[in-house]
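Asker: After the structure tokens below, expect a handful of questions from me.
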Amino acid sequence: MQASAYLVYGTDDSDRRAIIHDLLSHLNPDSPRLFFTPQGAASSPWDAAIAEIPQVEVVSWELKKQTVQHAAISAAADSVIFLAPGNANPADVAEAFKAWCDHNHCLIARILTIIDCQRLMALPQNQAWVDACVHFSDVVLLNRRTQVPNAWIQQLQAHYKKAYNPAHFILVKKNRVPNPAQVLTPEARRLSLYFDQLIPIEEDGLDPDEQPEDLKEDPYIERLASGRRARPIPDLLTADLDT
């Protein structure tokens with residue numbers, strides 16, 4: 001049986017592992033599941049809780065030159081969740097995740113971004129980094145909203161609606177999603193076509209800028225002749241916030 005793989009973007013302090021604990025509990029509890037956690041990531045109170053979920057194996061991994069390197073896996077699994085490094089380049093993570101899934105014949109089920117609304121409101125310079133994560137995502141979970149005005153949340157959602165982003169935008173409450181099935185169902189709802197195996201509409205010798213959308217390289221993945229990304233993503237700012 002083909003394993004379903006999930007990728008979770010977001011900053012380290014967005015309570016991602018609390019949400020992942022909830023999602024892992026809804027991924028067929030009778031089948032083996034893998035949770036890939038970034039090597040060197042700051043510890044979380046939820047680490048022990050995740051490790052105690054029956055039939056969940058925790059695997060350490062690291063991102064090296066757009067590839068996944070990880071510890072040995074004891075058994076095959078039906079479901080896999082990758083936690084992206086909290087400060088990594090989203091395009092590098094996307095490349096590494098896709099290559100790993102292709103190599104291991106896994107179905108790319110869903111890409112998730114968990115937004116720490118409090119941090120993004122305080123550090124709007126990170127909007128471009130978050131936009132890149134959302135570009136690759138099927139589901140965007142808005143978390144840590146207790147100190148954020150509703151008007152700001154509405155403006156953020158309007159920002160993506162204006163860009164015709166088809167992803168599900170879901171409000172998280174107490175680190176739980178209201179409908180786990182909506183989050184976990186393997187249905188592509190992302191702007192990016194990078195993860196999809198598409199049959200080209202046509203191949204008729206058009207110039208690159210005239211090609212159908214399914215033949216164009218993803219703007220965040222594309223590289224120039226110099227080797228640099230065509231659309232570079234600014235580094236994430238990680239300044240401490242007052243609590």
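In the structure tokens, each chain is lettered A, B, ... as it comes, each chain's residues begin at 1, and ligands are numbered from 1 in order of appearance.
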Can you pull out every residue from region 4-222 of chain A that DSSP, working from the backbone, puts in strand (DSSP E), and format the result as JSON, numbers by chain?
Answerer: {"A": [4, 5, 6, 7, 8, 9, 10, 33, 34, 35, 36, 37, 38, 56, 57, 58, 59, 60, 61, 62, 63, 64, 67, 68, 69, 70, 79, 80, 81, 82, 83, 107, 108, 109, 110, 111, 112, 113, 114, 115, 116, 139, 140, 141, 142, 143, 168, 169, 170, 171]}
Asker: With N, CA and C atoms retained, export the selected residues as a compact mmCIF listing (two decimals), in the first residue's frame.
Answerer:
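Generated output (result35.txt):
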```txt
# COMPACT_ATOMS: atom_id res chain seq x y z
N SER A 4 0.91 7.69 2.55
CA SER A 4 0.52 9.09 2.35
C SER A 4 1.46 9.98 3.15
N ALA A 5 2.02 10.99 2.47
CA ALA A 5 3.00 11.87 3.11
C ALA A 5 2.45 13.29 3.24
N TYR A 6 2.72 13.90 4.39
CA TYR A 6 2.29 15.25 4.69
C TYR A 6 3.51 16.08 5.06
N LEU A 7 3.49 17.35 4.66
CA LEU A 7 4.56 18.28 5.01
C LEU A 7 3.94 19.45 5.77
N VAL A 8 4.57 19.85 6.87
CA VAL A 8 4.04 20.93 7.70
C VAL A 8 5.07 22.05 7.79
N TYR A 9 4.73 23.21 7.19
CA TYR A 9 5.54 24.42 7.30
C TYR A 9 5.10 25.22 8.53
N GLY A 10 5.96 26.17 8.91
CA GLY A 10 5.62 27.09 10.00
C GLY A 10 6.82 27.39 10.86
N ARG A 33 2.66 4.83 11.74
CA ARG A 33 2.82 6.20 11.26
C ARG A 33 4.21 6.69 11.61
N LEU A 34 4.77 7.53 10.73
CA LEU A 34 6.08 8.11 10.96
C LEU A 34 5.96 9.61 11.16
N PHE A 35 6.72 10.12 12.12
CA PHE A 35 6.80 11.56 12.32
C PHE A 35 8.26 11.97 12.19
N PHE A 36 8.57 12.74 11.15
CA PHE A 36 9.93 13.22 10.90
C PHE A 36 10.09 14.59 11.54
N THR A 37 10.98 14.68 12.52
CA THR A 37 11.20 15.93 13.23
C THR A 37 12.60 16.45 12.91
N PRO A 38 12.76 17.75 12.68
CA PRO A 38 14.07 18.28 12.27
C PRO A 38 15.13 18.11 13.33
N VAL A 56 3.36 5.11 16.47
CA VAL A 56 4.00 6.28 15.87
C VAL A 56 5.49 6.20 16.14
N GLU A 57 6.29 6.21 15.09
CA GLU A 57 7.75 6.20 15.20
C GLU A 57 8.27 7.60 14.89
N VAL A 58 9.09 8.14 15.78
CA VAL A 58 9.67 9.47 15.60
C VAL A 58 11.05 9.31 14.96
N VAL A 59 11.28 10.02 13.87
CA VAL A 59 12.52 9.91 13.10
C VAL A 59 13.16 11.30 13.00
N SER A 60 14.44 11.39 13.29
CA SER A 60 15.17 12.64 13.17
C SER A 60 15.62 12.83 11.72
N TRP A 61 15.48 14.05 11.20
CA TRP A 61 15.93 14.30 9.83
C TRP A 61 16.55 15.69 9.73
N GLU A 62 17.32 15.90 8.67
CA GLU A 62 17.88 17.22 8.41
C GLU A 62 17.89 17.51 6.92
N LEU A 63 17.87 18.78 6.61
CA LEU A 63 17.86 19.25 5.23
C LEU A 63 19.29 19.59 4.81
N LYS A 64 19.78 18.89 3.77
CA LYS A 64 21.13 19.14 3.26
C LYS A 64 21.09 19.24 1.75
N THR A 67 18.02 18.01 -0.01
CA THR A 67 17.76 16.58 0.14
C THR A 67 17.42 16.28 1.60
N VAL A 68 16.69 15.19 1.79
CA VAL A 68 16.33 14.71 3.12
C VAL A 68 17.34 13.67 3.57
N GLN A 69 17.94 13.87 4.72
CA GLN A 69 18.80 12.87 5.32
C GLN A 69 18.22 12.55 6.69
N HIS A 70 18.03 11.25 6.94
CA HIS A 70 17.35 10.89 8.18
C HIS A 70 17.91 9.62 8.79
N SER A 79 1.31 6.25 6.92
CA SER A 79 1.24 7.71 6.90
C SER A 79 2.56 8.28 7.41
N VAL A 80 2.96 9.41 6.81
CA VAL A 80 4.21 10.07 7.17
C VAL A 80 3.94 11.56 7.29
N ILE A 81 4.40 12.17 8.39
CA ILE A 81 4.32 13.62 8.56
C ILE A 81 5.72 14.17 8.71
N PHE A 82 6.10 15.08 7.82
CA PHE A 82 7.38 15.78 7.89
C PHE A 82 7.16 17.14 8.52
N LEU A 83 7.88 17.44 9.58
CA LEU A 83 7.90 18.78 10.15
C LEU A 83 9.07 19.52 9.53
N LEU A 107 2.61 8.86 -1.74
CA LEU A 107 1.62 9.81 -2.23
C LEU A 107 1.76 11.11 -1.44
N ILE A 108 1.95 12.23 -2.13
CA ILE A 108 1.96 13.53 -1.45
C ILE A 108 0.51 13.89 -1.18
N ALA A 109 0.11 13.72 0.07
CA ALA A 109 -1.30 13.87 0.43
C ALA A 109 -1.67 15.33 0.64
N ARG A 110 -0.97 16.01 1.51
CA ARG A 110 -1.29 17.39 1.81
C ARG A 110 -0.03 18.15 2.27
N ILE A 111 0.02 19.43 1.90
CA ILE A 111 1.03 20.35 2.40
C ILE A 111 0.31 21.35 3.29
N LEU A 112 0.81 21.54 4.51
CA LEU A 112 0.17 22.44 5.47
C LEU A 112 1.12 23.56 5.85
N THR A 113 0.55 24.75 6.06
CA THR A 113 1.28 25.85 6.69
C THR A 113 0.53 26.26 7.94
N ILE A 114 1.25 26.33 9.05
CA ILE A 114 0.67 26.81 10.30
C ILE A 114 1.23 28.20 10.55
N ILE A 115 0.36 29.19 10.57
CA ILE A 115 0.78 30.58 10.74
C ILE A 115 0.62 31.00 12.20
N ASP A 116 1.71 31.47 12.77
CA ASP A 116 1.68 32.09 14.09
C ASP A 116 1.23 33.54 13.86
N VAL A 139 -3.54 23.53 2.77
CA VAL A 139 -4.27 23.94 3.97
C VAL A 139 -3.41 24.94 4.74
N VAL A 140 -4.03 26.04 5.18
CA VAL A 140 -3.36 27.05 5.98
C VAL A 140 -4.10 27.16 7.30
N LEU A 141 -3.40 26.88 8.39
CA LEU A 141 -4.00 26.90 9.72
C LEU A 141 -3.56 28.16 10.46
N LEU A 142 -4.52 28.98 10.85
CA LEU A 142 -4.23 30.24 11.53
C LEU A 142 -4.27 30.00 13.04
N ASN A 143 -3.09 30.07 13.66
CA ASN A 143 -2.96 29.74 15.08
C ASN A 143 -2.44 30.93 15.87
N HIS A 168 -7.50 25.71 1.74
CA HIS A 168 -8.40 25.87 2.87
C HIS A 168 -7.71 26.76 3.91
N PHE A 169 -8.38 27.80 4.38
CA PHE A 169 -7.87 28.63 5.46
C PHE A 169 -8.75 28.36 6.68
N ILE A 170 -8.13 27.82 7.73
CA ILE A 170 -8.88 27.30 8.88
C ILE A 170 -8.36 27.94 10.17
N LEU A 171 -9.27 28.36 11.02
CA LEU A 171 -8.91 28.91 12.31
C LEU A 171 -8.70 27.79 13.32
```
Asker: Please provide as an MDAnalysis selection string all residues within 7 Å of region 215-227 of chain A, with the sequence filter that same-chain residues fewer than 5 positions apart are discarded (counting only C-alpha atoms).
Answerer: chainID A and resid 91 192:194 200
Asker: Using only C-alpha atoms, pick whichever of A:Cys101, A:Leu23, A:Ala128, A:Ala72 has the shortest atom-to-atom distance to Gln182 (chain A).
Answerer: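 Comparing A:Cys101, A:Leu23, A:Ala128, A:Ala72 against Gln182 (chain A), the winner is A:Leu23.
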Asker: For CA of Asn87 (chain A) and CA of His103 (chain A), determine how far apart the two atoms are, in Å to one decimal place.
Answerer: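 Going from CA of Asn87 (chain A) over to CA of His103 (chain A) covers 25.0 Å.
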Asker: Distance CA of Arg229 (chain A)-CA of Lys162 (chain A), one decimal place?
Answerer: 25.0 Å
Asker: Name the residues of region 108-231 of chain A that fall into helix (DSSP H, G or I) according to DSSP on the backbone, using the chain letters and numbers of this document, as a ChimeraX atom specification.
Answerer: /A:117-122,124-135,150-162,180-184,208-210,213-215
